[in-house]
Structure formats: structure tokens, C-alpha cells
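> Contents of target11.cif (mmCIF, C-alpha atoms):
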```cif
data_my_file
loop_
_atom_site.label_atom_id
_atom_site.label_comp_id
_atom_site.auth_asym_id
_atom_site.auth_seq_id
_atom_site.Cartn_x
_atom_site.Cartn_y
_atom_site.Cartn_z
CA MET A 369 95.83 94.71 125.06
CA ILE A 370 97.92 92.57 127.39
CA ARG A 371 97.66 89.80 124.80
CA SER A 372 99.09 91.96 122.01
CA VAL A 373 101.94 93.09 124.26
CA VAL A 374 102.67 89.47 125.19
CA ASN A 375 102.46 88.51 121.53
CA ARG A 376 104.96 91.15 120.68
CA ILE A 377 107.33 90.05 123.41
CA LEU A 378 106.97 86.43 122.26
CA ILE A 379 107.78 87.29 118.67
CA VAL A 380 110.88 89.23 119.65
CA THR A 381 112.01 86.47 122.02
CA ALA A 382 111.43 83.85 119.34
CA LEU A 383 113.51 85.84 116.90
CA PHE A 384 116.30 86.18 119.47
CA LEU A 385 116.28 82.49 120.37
CA SER A 386 116.26 81.31 116.79
CA SER A 387 119.22 83.41 115.80
CA LEU A 388 121.32 82.08 118.71
CA GLY A 389 122.39 78.98 116.83
CA PRO A 390 122.85 80.11 113.25
CA ALA A 391 124.27 83.47 114.26
CA THR A 392 127.77 82.03 114.16
CA ALA A 393 127.17 80.26 110.88
CA GLN A 394 128.28 83.14 108.71
CA GLU A 395 132.00 82.49 108.87
CA HIS A 396 134.34 82.39 105.90
CA THR A 397 137.90 81.14 105.84
CA LEU A 398 140.02 83.62 103.97
CA ASP A 399 142.89 81.49 102.68
CA GLY A 400 144.45 81.28 106.10
CA GLN A 401 145.12 84.99 106.46
CA GLU A 402 145.29 86.15 110.05
CA THR A 403 143.34 89.19 111.08
CA HIS A 404 145.77 90.29 113.77
CA GLN A 405 148.66 91.96 111.99
CA GLU A 406 149.75 94.52 114.54
CA LYS A 407 153.39 93.63 114.00
CA LYS A 408 153.30 94.37 110.26
CA GLU A 409 152.33 97.77 108.91
CA LYS A 410 150.41 96.41 105.93
CA PHE A 411 146.69 97.18 106.03
CA ASN A 412 144.60 94.34 104.70
CA VAL A 413 141.34 95.73 103.35
CA GLY A 414 139.54 92.45 102.79
CA ASP A 415 140.20 91.21 106.29
CA MET A 416 139.19 94.48 107.89
CA ILE A 417 135.90 94.59 106.00
CA MET A 418 135.02 90.96 106.67
CA HIS A 419 135.90 91.40 110.34
CA HIS A 420 133.39 94.24 110.62
CA ILE A 421 130.65 92.49 108.64
CA ARG A 422 130.96 89.14 110.39
CA ASP A 423 129.62 87.95 113.69
CA ASP A 424 132.20 87.77 116.45
CA ARG A 425 132.57 86.23 119.89
CA GLY A 426 133.46 89.42 121.74
CA TRP A 427 131.99 92.84 120.94
CA GLU A 428 134.76 95.09 119.69
CA PHE A 429 133.66 98.72 119.90
CA ALA A 430 137.02 100.16 118.87
CA HIS A 431 140.63 99.01 118.66
CA GLY A 432 141.47 97.65 122.08
CA VAL A 433 138.02 98.26 123.56
CA THR A 434 136.42 94.84 123.51
CA LEU A 435 133.53 93.59 125.57
CA PRO A 436 133.97 89.84 126.08
CA LEU A 437 130.72 87.98 125.77
CA PRO A 438 129.78 84.66 127.41
CA VAL A 439 130.43 81.44 125.54
CA ILE A 440 127.66 78.97 126.40
CA LEU A 441 128.25 75.41 125.34
CA TYR A 442 126.39 72.18 125.85
CA SER A 443 127.88 68.77 125.15
CA ALA A 444 126.54 65.36 126.05
CA ASP A 445 129.50 64.33 128.19
CA ARG A 446 130.25 67.60 129.96
CA GLY A 447 126.87 69.26 130.16
CA LEU A 448 126.54 73.01 130.26
CA GLU A 449 129.69 75.15 130.25
CA VAL A 450 129.80 78.93 130.44
CA PHE A 451 132.97 81.00 130.20
CA SER A 452 134.13 84.34 128.87
CA SER A 453 135.04 84.63 125.22
CA SER A 454 138.27 86.41 126.10
CA ARG A 455 139.70 83.04 127.13
CA LEU A 456 139.58 81.93 123.49
CA ASP A 457 141.39 84.96 122.09
CA HIS A 458 144.22 84.50 119.60
CA GLY A 459 143.61 80.81 119.13
CA ALA A 460 144.12 79.87 122.77
CA ILE A 461 142.85 76.52 123.98
CA TYR A 462 140.63 76.70 127.03
CA ASN A 463 139.03 73.71 128.71
CA ASN A 464 139.76 71.62 125.63
CA TYR A 465 137.98 74.06 123.36
CA LYS A 466 139.57 75.87 120.46
CA SER A 467 137.97 78.44 118.20
CA ASP A 468 138.56 77.79 114.51
CA HIS A 469 137.37 80.93 112.72
CA GLY A 470 134.41 81.12 115.06
CA HIS A 471 133.49 77.44 115.16
CA LEU A 472 134.30 75.80 118.45
CA HIS A 473 135.86 72.36 118.45
CA ARG A 474 136.72 70.05 121.30
CA VAL A 475 140.47 69.41 121.12
CA ASP A 476 142.68 67.04 123.06
CA GLU A 477 145.86 68.05 124.90
CA ALA A 478 147.93 68.17 121.73
CA GLY A 479 145.49 70.52 120.03
CA LYS A 480 144.01 68.04 117.57
CA PRO A 481 140.23 67.98 117.26
CA VAL A 482 138.44 65.15 119.03
CA GLU A 483 136.11 63.24 116.73
CA GLY A 484 132.58 62.29 117.62
CA VAL A 485 131.95 64.93 120.26
CA HIS A 486 129.17 67.25 119.22
CA VAL A 487 129.18 70.57 120.98
CA TYR A 488 126.00 72.67 120.89
CA ASP A 489 126.92 76.34 120.77
CA PHE A 490 124.46 78.67 122.47
CA SER A 491 126.94 81.51 122.95
CA ILE A 492 125.99 85.12 123.20
CA THR A 493 127.84 86.48 120.19
CA LYS A 494 128.02 90.08 118.99
CA ASN A 495 124.88 89.71 116.87
CA VAL A 496 122.94 88.07 119.69
CA ALA A 497 123.92 90.82 122.11
CA SER A 498 122.89 93.45 119.54
CA LEU A 499 119.58 91.65 119.04
CA MET A 500 118.98 91.68 122.78
CA LEU A 501 119.82 95.38 122.89
CA SER A 502 117.42 96.24 120.06
CA ALA A 503 114.75 94.07 121.69
CA ILE A 504 115.14 95.99 124.94
CA ILE A 505 114.95 99.30 123.05
CA LEU A 506 111.85 98.28 121.11
CA ILE A 507 110.03 96.77 124.09
CA SER A 508 110.70 99.75 126.33
CA ILE A 509 109.70 102.29 123.68
CA PHE A 510 106.51 100.56 122.71
CA LEU A 511 105.41 99.71 126.24
CA THR A 512 105.85 103.41 127.04
CA VAL A 513 103.76 104.32 124.01
CA ALA A 514 101.07 101.77 124.92
CA ASN A 515 100.91 103.06 128.49
CA GLY A 516 100.71 106.57 127.12
CA TYR A 517 97.63 105.63 125.14
CA LYS A 518 96.09 103.96 128.16
CA ASN A 519 96.69 106.91 130.50
CA ASN A 520 95.92 109.68 128.05
CA LYS A 521 92.68 108.30 126.73
CA GLY A 522 91.06 110.81 124.42
CA LYS A 523 93.76 113.45 124.83
CA ALA A 524 96.37 114.46 122.26
CA PRO A 525 99.50 112.31 122.22
CA LYS A 526 102.62 113.66 123.92
CA GLY A 527 106.32 112.91 123.69
CA ILE A 528 107.48 109.74 122.04
CA GLN A 529 103.89 108.75 121.44
CA ALA A 530 103.55 111.78 119.18
CA PHE A 531 106.70 110.78 117.30
CA LEU A 532 105.65 107.20 116.65
CA GLU A 533 101.96 107.71 115.97
CA PRO A 534 102.40 109.01 112.37
CA ILE A 535 104.71 106.11 111.57
CA VAL A 536 102.30 103.54 112.99
CA LEU A 537 99.44 105.17 111.10
CA PHE A 538 101.57 105.15 107.96
CA VAL A 539 102.08 101.39 108.28
CA ARG A 540 98.39 100.90 108.93
CA ASP A 541 97.02 103.17 106.19
CA GLU A 542 99.56 102.76 103.42
CA ILE A 543 100.72 99.19 103.92
CA ALA A 544 98.16 97.16 105.85
CA LYS A 545 94.76 98.49 104.81
CA PRO A 546 95.24 98.68 101.00
CA ASN A 547 96.82 95.24 100.75
CA LEU A 548 94.98 93.25 103.39
CA GLY A 549 91.46 94.57 102.98
CA PRO A 550 88.85 94.10 105.72
CA GLY A 551 90.73 91.60 107.90
CA TYR A 552 93.78 93.76 108.42
CA GLU A 553 93.65 94.05 112.22
CA LYS A 554 94.70 90.42 112.59
CA TYR A 555 98.01 90.95 110.80
CA LEU A 556 98.78 94.52 111.80
CA PRO A 557 100.74 93.58 114.96
CA TYR A 558 103.06 91.36 112.94
CA LEU A 559 103.55 94.00 110.25
CA LEU A 560 104.30 96.68 112.82
CA THR A 561 106.74 94.42 114.67
CA LEU A 562 108.46 93.55 111.41
CA PHE A 563 108.74 97.18 110.32
CA PHE A 564 110.12 98.53 113.59
CA PHE A 565 112.38 95.54 114.17
CA ILE A 566 114.03 95.87 110.76
CA LEU A 567 114.18 99.66 111.03
CA THR A 568 115.75 99.66 114.51
CA ASN A 569 118.33 97.06 113.60
CA ASN A 570 119.20 98.78 110.31
CA LEU A 571 119.71 102.08 112.14
CA LEU A 572 121.73 100.48 114.95
CA GLY A 573 123.98 98.85 112.37
CA LEU A 574 124.94 102.25 110.96
CA LEU A 575 126.55 103.36 114.23
CA PRO A 576 130.32 102.85 114.49
CA GLY A 577 131.26 99.81 116.50
CA ALA A 578 127.81 98.27 116.03
CA ALA A 579 126.90 94.76 115.03
CA ASN A 580 125.65 94.01 111.53
CA LEU A 581 122.44 92.26 112.51
CA THR A 582 120.07 92.64 109.54
CA GLY A 583 123.06 91.93 107.34
CA ASN A 584 123.26 88.48 108.89
CA ILE A 585 121.56 86.10 106.52
CA ALA A 586 120.41 83.88 109.39
CA VAL A 587 118.34 86.72 110.84
CA THR A 588 116.74 87.66 107.53
CA LEU A 589 116.12 83.95 106.91
CA VAL A 590 114.13 83.72 110.14
CA LEU A 591 112.09 86.81 109.19
CA ALA A 592 111.40 85.33 105.75
CA ILE A 593 110.42 81.97 107.26
CA ILE A 594 107.97 83.64 109.63
CA THR A 595 106.42 85.49 106.68
CA PHE A 596 106.27 82.22 104.72
CA LEU A 597 104.49 80.47 107.60
CA ILE A 598 102.00 83.29 108.11
CA VAL A 599 101.19 83.47 104.39
CA ASN A 600 100.75 79.75 103.93
CA LEU A 601 98.97 78.96 107.18
CA ASN A 602 96.41 81.66 106.39
CA GLY A 603 95.92 80.84 102.72
CA ASN A 604 92.33 80.19 101.83
CA LYS A 605 90.86 77.88 99.22
CA THR A 606 91.22 80.43 96.44
CA TYR A 607 94.95 80.79 97.18
CA TRP A 608 95.68 77.08 97.05
CA SER A 609 93.48 76.48 94.00
CA HIS A 610 95.36 79.24 92.17
CA LEU A 611 98.55 77.34 92.90
CA ILE A 612 97.24 74.18 91.29
CA ARG A 613 94.98 75.72 88.65
CA PRO A 614 95.86 79.34 87.88
CA THR A 615 92.93 81.19 86.33
CA GLY A 616 92.81 81.56 82.60
CA VAL A 617 95.54 79.03 81.86
CA PRO A 618 94.80 76.45 79.13
CA ILE A 619 95.06 72.84 80.32
CA LEU A 620 98.03 72.07 78.08
CA LEU A 621 100.16 74.69 79.81
CA LEU A 622 99.45 73.36 83.32
CA PRO A 623 102.51 71.02 83.48
CA ILE A 624 104.65 74.15 83.11
CA MET A 625 102.57 76.53 85.21
CA ILE A 626 102.29 74.32 88.31
CA PRO A 627 106.08 73.97 88.85
CA VAL A 628 106.43 77.69 88.14
CA GLU A 629 103.79 78.48 90.77
CA ILE A 630 105.44 76.16 93.29
CA VAL A 631 108.86 77.69 92.69
CA GLY A 632 107.24 81.12 93.07
CA LEU A 633 105.87 79.99 96.42
CA PHE A 634 109.41 79.58 97.75
CA MET A 635 111.06 82.34 95.74
CA LYS A 636 109.00 85.06 97.36
CA PRO A 637 110.34 84.64 100.93
CA PHE A 638 113.77 83.79 99.51
CA SER A 639 113.89 87.09 97.66
CA LEU A 640 112.76 88.91 100.82
CA MET A 641 115.68 87.33 102.67
CA ILE A 642 118.29 88.12 100.02
CA ARG A 643 117.03 91.65 99.42
CA LEU A 644 117.36 92.78 103.03
CA PHE A 645 120.65 90.94 103.66
CA ALA A 646 122.36 92.15 100.50
CA ASN A 647 121.19 95.77 100.76
CA ILE A 648 122.36 96.21 104.33
CA THR A 649 125.63 94.28 103.95
CA ALA A 650 126.45 96.05 100.69
CA GLY A 651 125.87 99.39 102.38
CA HIS A 652 128.23 98.54 105.22
CA ILE A 653 130.87 97.27 102.79
CA ILE A 654 130.67 100.52 100.79
CA ILE A 655 131.21 102.68 103.88
CA LEU A 656 134.06 100.46 105.10
CA SER A 657 135.73 100.45 101.68
CA LEU A 658 135.59 104.24 101.45
CA ILE A 659 137.18 104.62 104.88
CA SER A 660 139.85 102.06 104.02
CA LEU A 661 140.81 104.17 100.99
CA ILE A 662 142.34 106.59 103.50
CA PHE A 663 144.44 103.83 105.03
CA ILE A 664 145.51 102.50 101.63
CA ALA A 665 146.61 106.01 100.66
CA ASN A 666 148.50 106.16 103.96
CA ASN A 667 150.28 102.92 103.08
CA LEU A 668 151.19 104.09 99.59
CA GLY A 669 152.26 107.65 100.16
CA GLY A 670 152.74 108.35 103.85
CA THR A 671 150.62 110.30 106.31
CA ALA A 672 150.39 113.45 104.17
CA THR A 673 148.75 111.52 101.33
CA GLY A 674 146.46 109.87 103.86
CA TRP A 675 145.30 113.19 105.25
CA GLY A 676 144.87 114.64 101.77
CA ILE A 677 142.76 111.74 100.57
CA SER A 678 140.67 111.96 103.71
CA LEU A 679 139.59 115.49 102.76
CA ILE A 680 137.92 114.01 99.67
CA VAL A 681 136.81 110.73 101.15
CA ALA A 682 135.19 112.06 104.32
CA PRO A 683 132.43 114.17 102.68
CA PHE A 684 131.70 111.37 100.24
CA THR A 685 131.43 108.92 103.13
CA ILE A 686 129.01 111.26 104.88
CA PHE A 687 126.95 111.33 101.69
CA MET A 688 126.99 107.53 101.49
CA ASN A 689 125.93 107.33 105.13
CA LEU A 690 122.91 109.51 104.34
CA ILE A 691 122.04 107.16 101.48
CA GLU A 692 122.39 104.23 103.87
CA LEU A 693 119.96 105.99 106.22
CA LEU A 694 117.48 106.17 103.34
CA VAL A 695 118.12 102.51 102.55
CA ALA A 696 117.48 101.57 106.19
CA PHE A 697 113.98 103.10 106.05
CA LEU A 698 113.32 101.91 102.51
CA GLN A 699 114.27 98.29 103.18
CA ALA A 700 112.09 98.13 106.28
CA PHE A 701 109.22 99.63 104.26
CA ILE A 702 109.76 97.26 101.31
CA PHE A 703 109.98 94.14 103.48
CA THR A 704 106.78 95.07 105.29
CA LEU A 705 105.00 96.10 102.09
CA LEU A 706 105.87 92.88 100.26
CA THR A 707 104.92 90.80 103.30
CA SER A 708 101.54 92.52 103.42
CA MET A 709 101.07 92.00 99.67
CA TYR A 710 101.81 88.28 100.01
CA ILE A 711 99.45 87.95 102.98
CA GLY A 712 96.83 89.91 101.07
CA GLY A 713 97.22 87.56 98.13
CA ALA A 714 96.69 84.61 100.44
CA ILE A 715 93.59 85.86 102.21
CA GLU A 716 91.72 87.62 99.45
CA GLU A 717 88.42 86.23 98.28
CA HIS A 718 87.60 85.15 94.75
CA GLY A 719 87.03 88.51 93.12
CA ASP A 720 86.70 90.43 89.91
CA ALA A 721 90.44 90.42 89.35
CA ASP A 722 90.25 86.71 88.63
CA HIS A 723 87.92 87.09 85.68
CA GLY A 724 88.39 88.67 82.31
CA MET A 725 91.75 87.09 81.50
CA GLY A 726 90.54 84.86 78.71
CA TYR A 727 87.44 82.76 78.78
CA ASP A 728 87.13 80.65 81.92
CA GLY A 729 84.61 78.29 80.37
CA PRO A 730 80.87 77.92 80.76
CA ALA A 731 81.19 76.42 84.26
CA ALA A 732 82.91 79.49 85.75
CA HIS A 733 80.60 82.24 86.92
CA MET B 541 146.27 85.06 72.23
CA LEU B 542 143.35 84.82 74.63
CA ALA B 543 145.04 81.91 76.39
CA PHE B 544 148.17 84.04 76.82
CA LEU B 545 146.14 86.90 78.37
CA LEU B 546 144.33 84.51 80.68
CA SER B 547 147.60 82.98 81.81
CA ILE B 548 148.96 86.43 82.67
CA LEU B 549 145.82 87.12 84.68
CA LEU B 550 146.20 83.79 86.42
CA GLU B 551 149.75 84.73 87.41
CA ALA B 552 148.63 88.09 88.70
CA THR B 553 145.55 87.15 90.65
CA GLY B 554 145.99 83.46 91.37
CA SER B 555 142.45 82.71 90.30
CA VAL B 556 140.45 83.41 87.16
CA ALA B 557 137.24 82.74 89.08
CA VAL B 558 137.80 85.85 91.16
CA MET B 559 138.17 87.92 87.98
CA GLY B 560 134.91 86.43 86.73
CA ALA B 561 133.22 87.32 89.99
CA ALA B 562 134.42 90.91 89.76
CA ILE B 563 133.24 91.28 86.17
CA GLY B 564 129.92 89.71 87.10
CA ALA B 565 129.37 92.17 89.92
CA GLY B 566 130.14 95.05 87.57
CA LEU B 567 127.66 93.76 84.99
CA ALA B 568 125.01 93.42 87.69
CA ALA B 569 125.62 97.05 88.63
CA ILE B 570 125.19 98.09 84.98
CA GLY B 571 121.93 96.14 84.78
CA ALA B 572 120.57 97.72 87.94
CA GLY B 573 121.59 101.17 86.78
CA LEU B 574 119.84 100.75 83.42
CA GLY B 575 116.69 99.33 84.94
CA ILE B 576 116.30 101.88 87.71
CA GLY B 577 117.22 104.66 85.31
CA ARG B 578 114.34 103.69 83.04
CA ILE B 579 111.97 103.57 86.02
CA GLY B 580 113.13 107.01 87.10
CA GLY B 581 112.68 108.39 83.60
CA SER B 582 109.14 107.07 83.26
CA ALA B 583 108.29 108.38 86.72
CA MET B 584 109.57 111.84 85.76
CA GLU B 585 107.45 111.82 82.61
CA GLY B 586 104.40 110.65 84.54
CA ILE B 587 104.79 113.38 87.14
CA ALA B 588 105.31 115.96 84.42
CA ARG B 589 102.10 114.94 82.71
CA GLN B 590 100.03 114.90 85.89
CA PRO B 591 101.61 116.69 88.87
CA GLU B 592 98.76 115.89 91.24
CA ALA B 593 99.56 112.16 90.96
CA ALA B 594 103.16 112.80 92.03
CA GLY B 595 102.79 111.13 95.45
CA ARG B 596 101.43 107.85 94.09
CA ILE B 597 103.91 107.76 91.23
CA GLN B 598 106.79 108.33 93.63
CA THR B 599 105.66 105.50 95.91
CA ALA B 600 105.32 103.10 92.99
CA MET B 601 108.73 104.17 91.68
CA LEU B 602 110.42 103.43 95.03
CA ILE B 603 108.80 100.01 95.27
CA ILE B 604 109.82 98.96 91.79
CA ALA B 605 113.33 100.34 92.27
CA ALA B 606 113.71 98.19 95.38
CA LEU B 607 112.55 95.10 93.46
CA ILE B 608 115.03 95.70 90.63
CA GLU B 609 117.79 96.34 93.12
CA ALA B 610 117.02 93.00 94.76
CA VAL B 611 117.72 91.19 91.47
CA ALA B 612 121.02 93.03 91.06
CA LEU B 613 121.94 92.12 94.62
CA PHE B 614 121.18 88.44 93.90
CA ALA B 615 123.95 88.64 91.32
CA ALA B 616 126.22 90.54 93.69
CA VAL B 617 125.74 87.91 96.41
CA ILE B 618 126.61 85.11 94.00
CA CYS B 619 129.73 86.99 92.90
CA LEU B 620 130.69 87.44 96.55
CA LEU B 621 130.25 83.69 97.10
CA VAL B 622 132.48 82.93 94.14
CA ALA B 623 135.13 85.42 95.21
CA LEU B 624 135.35 84.29 98.81
CA ALA B 625 134.84 80.52 98.58
#
```
As C-alpha cells, how would this structure be written, given the file I've shared?


Amino acid sequence: MIRSVVNRILIVTALFLSSLGPATAQEHTLDGQETHQEKKEKFNVGDMIMHHIRDDRGWEFAHGVTLPLPVILYSADRGLEVFSSSRLDHGAIYNNYKSDHGHLHRVDEAGKPVEGVHVYDFSITKNVASLMLSAIILISIFLTVANGYKNNKGKAPKGIQAFLEPIVLFVRDEIAKPNLGPGYEKYLPYLLTLFFFILTNNLLGLLPGAANLTGNIAVTLVLAIITFLIVNLNGNKTYWSHLIRPTGVPILLLPIMIPVEIVGLFMKPFSLMIRLFANITAGHIIILSLISLIFIANNLGGTATGWGISLIVAPFTIFMNLIELLVAFLQAFIFTLLTSMYIGGAIEEHGDADHGMGYDGPAAH
Amino acid sequence: MLAFLLSILLEATGSVAVMGAAIGAGLAAIGAGLGIGRIGGSAMEGIARQPEAAGRIQTAMLIIAALIEAVALFAAVICLLVALA
């Protein structure tokens, strides 16, 4: 029991550590447009949306309410440096560092980048802080539930235990057992972690002022890579022989089938990654676009038009938020279900499903 | 004639690639709508024929809808890449 708790903590910590680096990688330069346009009245929809979807150095909960997060840098000549991200606001140069759309460069006194100095960026960005928050939430909830089971042995579950037990049983009975067969206990901790991690982060992302964590392709990439490793490290002989020699395929078609199988090997985790990232990000963009309709109407017609449009837009946005709630659950379910199907495909024994598709030859039994 | 129209669009938007990205995203949405609509229709018919299988049919419908949506979102992601970079 301690081991499974430690395993869980290790998985969450590994996920947090591995998204430290690439978490700032999702930056796009938007033709040099500045995001801070307080002086001008014009409301730039594209910038506003990208600003909310992207990772950021400080955590902006609302206009003017920003929580500056630590910037942690390591370079070979200066060693470890830690300072607040508010020192880099509005393109300021601090300690010879300048933030260029999120990427930090070492600059000299004149502001030109210094070549040849590689700075390793371990900063706590908005996504990292949100990941730590969701990790704390998950760990505290599930340790409470585990202690509840230990203390209430044999008695009916109470409180949050009672809320989570049907969901855990759902993952075990609908996702793990049918797809994994007899050896399902070995993979159930990973499937449960995956399901609740994705669900918690999807739900957190729907709150206003929250970070878009599962919409960060680096995070979904790490989840897909972990699935890829688990599937391939646990593949048995049948799995690998199906890759090289799929059943029922005539020999002449093998030069086509083997590359197709190998591409399929990589496409499955890749599609997992893209599916989760695109669903969550698209949902956030839809909500943000609907809200920005109000501000565009304000720009075009004045405050009366803005208020009038908001009477139509607000109920529709509430409806879209409910759909996004459904998508949050559905995407967690789909990711976990497909992961369990891939693991099940890797660990299943040579069975009846492999026969009957054409004649396997006199040697096959 | 077509060249004239394209040159007007170029003047207006500054980039024909962005127009292509927008049209591509719209086509992907049409594809997803058609595909998921067919799934929904077959699921309705299946449930109508055999109401006691409704739970299983609904689960299968949701799974397949998510898979089709993933393909449409592949296209949407590529259009986003074209439009922003």
C-alpha cells in the first residue's frame, strides 16, 4: 500500500519535472504585435486569446492581479540564479537577461543577445504552478481516501471516499478489466492516475484565470510518451511478432504491411497527444472567442451594443461551458480507455481472435 | 479572373495561406459533422431496434465520436499552424 502511494507520488513528480523545461516551448511570435495596448482602445482578439491559451511567466488571475512566479535559471558561467518574474515585465532587462516572447536570452549592456551562452530555464511558469497545484489536490484527496479505507475496514465508505469510489470502480470495471484481462491489477494504478490527472487538470482549466495545462502540447506529449513506454516495455512475443508478421497477410504484401505497422506503432501515442491537446485548447478558444464577441460589439457600436450582445452571448457561453465540462470528462475517459486498449493489445496472449482471417497455413495451429 | 480575385484577397488579408487555413478548418468541421452525424444516426437506429442494448450502444457511440473528432482536430491543428506561423 505504501508502495502504490509512493508510485503515485513518483509518477506525479515525474510529470511535473518533465514539463518544467518544455512548458515554455509553446510560444508563437505574432508578427510583432504587442499584447499591452492599454493606451489604445482597440481590442485585439487574436492576442487576447493567445495570451490566455499560452504559458506565461507570471500567473495573471485578472487584469492587474498578477502573481509573479520565480524565474530559475542555470548557466555554466553564472550558476544558479533565482529572481521574480516581475523584474522581466514589459521587456525590461534584469541581470543581463531579457525575455523575448517567453524565451530568455542573455544580453549585454546594449541589449543585444550574447552568443554562445546557453541558459537552462527551470522557471516556475504558470503551467508549472498549476501542475503543482493539481498535484497537491490529487495527492491530498487520494491519501485521504486511502486512509479512509485503512481506518474504515469493512464499513461503508463515508465522505469523499463515497464520492470517488464509484468513479474508481468505473475505471476498474469498464476500462481496465475488459481490455486488460487477468493481469489488470498491474496497470490499474497507472490508468487511475492518468484518468484523475487529466480530469482534474481539464476541470481546473475551465475556471476563469486558470492555466491551460492539458492544452499544453508538452504535457500531453509526456503522457503519450509514458503510455508508449508502458505499452512497448510490456509487449510480449505475440505483440512483436504481429508487428513483423501480421496474421493472415500474404508474404507479398509484407513490404507494405511492416512499414504500416511501424507507423501505427508511433501514430497511436501521437494521436493520443493531439486528441487531448486539440480538444481542450479548442474548447478554451471557443469560450474566449464568444466572450470577445461582446468586446468587439463594444468597439463597433458603443457600450449599449456591447450590453445588448452580451444578453445573447452569455447564455450561449454558459451552454458552451457545459459542453466543455462534458468534454473534460470524455477526454479523460477516452485517453484512459485507449491507453488500456493499447496495453491490452500488447499483453494479450495468442488467442482465437488471431485465427480465422484467411488460411494461416498447415504449420499454424 | 481567378488571379484577379486572389490578388484582391491578398490585398485584404496580406496572406493567401491564412485564407487557405481558414477554409481548411471549415472543411474539417464539415467532415467531423458528417462523420459524427452518421454515427449518431446509426446509434439511434440501433437503440430503437433493441432498447435494452442502449447502454452499450451509447458507450460505443461516444468512443467512436471521440476518435472521429480527433481526426478533425488533426486538421484544425495543422490549420492553426499555418495561420500562426

> To verify the selection step, state as a short mmCIF file (atom, residue, chain, number, x, y, z; two decimals) with C-alpha atoms, in the coordinates of the input which residues the PyMOL selection byres ((chain B) within 9 of (chain A)) yields on this input.


```cif
data_model
loop_
_atom_site.label_atom_id
_atom_site.label_comp_id
_atom_site.auth_asym_id
_atom_site.auth_seq_id
_atom_site.Cartn_x
_atom_site.Cartn_y
_atom_site.Cartn_z
CA LEU B 602 110.42 103.43 95.03
CA ILE B 603 108.80 100.01 95.27
CA ALA B 606 113.71 98.19 95.38
CA LEU B 607 112.55 95.10 93.46
CA GLU B 609 117.79 96.34 93.12
CA ALA B 610 117.02 93.00 94.76
CA VAL B 611 117.72 91.19 91.47
CA LEU B 613 121.94 92.12 94.62
CA PHE B 614 121.18 88.44 93.90
CA ALA B 616 126.22 90.54 93.69
CA VAL B 617 125.74 87.91 96.41
CA LEU B 624 135.35 84.29 98.81
CA ALA B 625 134.84 80.52 98.58
#
```

> Please expand the PyMOL selection byres ((chain A and resi 464) around 7) into the concrete residues it hits in this file, giving the result as a compact mmCIF listing (two decimals) with C-alpha atoms, in the coordinates of the input.


```txt
# COMPACT_ATOMS: atom_id res chain seq x y z
CA ILE A 461 142.85 76.52 123.98
CA TYR A 462 140.63 76.70 127.03
CA ASN A 463 139.03 73.71 128.71
CA TYR A 465 137.98 74.06 123.36
CA LYS A 466 139.57 75.87 120.46
CA ARG A 474 136.72 70.05 121.30
CA VAL A 475 140.47 69.41 121.12
CA ASP A 476 142.68 67.04 123.06
```

> Exactly which residues make up the result of the PyMOL selection byres ((chain B and resi 575) around 12) on this file, given as an MDAnalysis selection string?

chainID B and resid 568:574 576:582 601 604:612

> Within 12 Å of Phe538 of chain A, counting only C-alpha atoms, which residues show up once you throw out same-chain ones fewer than 5 positions away? Write them as a list in words, please.

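These residues fall inside the cut-off: Leu532, Glu533, Ile543, Ala544, Lys545, Pro546, Leu556, Leu559, Leu560, Phe563, Phe701, Thr704 and Leu705 of chain A.
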
> Show me, as AutoDock Vina command-line options, the centre and edge lengths in Å to one decimal of the axis-aligned box that covers every listed atom of segment 527-535 of chain A with 4 Å on each side.


```
--center_x 104.7 --center_y 109.5 --center_z 117.6 --size_x 13.5 --size_y 14.8 --size_z 20.1
```

> Quick one: everything within 9 Å of segment 623-636 of chain A, counting only C-alpha atoms, minus sequence neighbours fewer than 5 positions away in the same chain. Send it as JSON, numbers by chain.

{"A": [592, 596, 610, 611, 612, 613, 614, 617, 641, 706, 710]}

> Restricting the calculation to all atoms listed in the file, which member of B:Gly560, B:Gly566, B:Pro591, B:Gly586 is positioned closest to Ala623 of chain B?

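Looking only at the distances to Ala623 of chain B, the closest residue turns out to be B:Gly560.
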
> Distance atom CA of Asn570 of chain A-atom CA of Thr707 of chain A, one decimal place?

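So the two atoms, atom CA of Asn570 of chain A and atom CA of Thr707 of chain A, lie 17.8 Å apart.
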
> If I take atom CA of Leu437 of chain A and atom CA of Ile593 of chain A, how far is one from the other in Å, to one decimal?

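Value for the atom CA of Leu437 of chain A-atom CA of Ile593 of chain A distance: 28.1 Å.
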
> In terms of the shortest atom-to-atom distance over only C-alpha atoms, which of A:Arg376, A:His486, A:Lys554, A:Lys605 is closest to Arg446 of chain A?

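Distance minimum relative to Arg446 of chain A lands on A:His486.
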
> Export C-alpha atoms of segment 547-565 of chain B from the structure just given, as a PDB file, in the first residue's frame?


```
ATOM      1  CA  SER B 547      -4.986  39.408 -55.776  1.00  0.00           C
ATOM      2  CA  ILE B 548      -7.885  41.219 -54.099  1.00  0.00           C
ATOM      3  CA  LEU B 549      -7.793  38.687 -51.280  1.00  0.00           C
ATOM      4  CA  LEU B 550      -4.057  39.165 -50.985  1.00  0.00           C
ATOM      5  CA  GLU B 551      -4.574  42.915 -50.619  1.00  0.00           C
ATOM      6  CA  ALA B 552      -7.233  42.415 -47.991  1.00  0.00           C
ATOM      7  CA  THR B 553      -5.636  39.780 -45.814  1.00  0.00           C
ATOM      8  CA  GLY B 554      -1.940  40.050 -46.576  1.00  0.00           C
ATOM      9  CA  SER B 555      -1.623  36.314 -46.949  1.00  0.00           C
ATOM     10  CA  VAL B 556      -3.414  33.725 -49.053  1.00  0.00           C
ATOM     11  CA  ALA B 557      -2.086  30.987 -46.785  1.00  0.00           C
ATOM     12  CA  VAL B 558      -4.226  32.264 -43.934  1.00  0.00           C
ATOM     13  CA  MET B 559      -7.315  32.088 -46.155  1.00  0.00           C
ATOM     14  CA  GLY B 560      -6.369  28.515 -47.029  1.00  0.00           C
ATOM     15  CA  ALA B 561      -6.010  27.690 -43.357  1.00  0.00           C
ATOM     16  CA  ALA B 562      -9.440  29.112 -42.579  1.00  0.00           C
ATOM     17  CA  ILE B 563     -11.089  27.181 -45.413  1.00  0.00           C
ATOM     18  CA  GLY B 564      -9.279  24.034 -44.317  1.00  0.00           C
ATOM     19  CA  ALA B 565     -10.547  24.358 -40.771  1.00  0.00           C
TER      20      ALA B 565
END
```
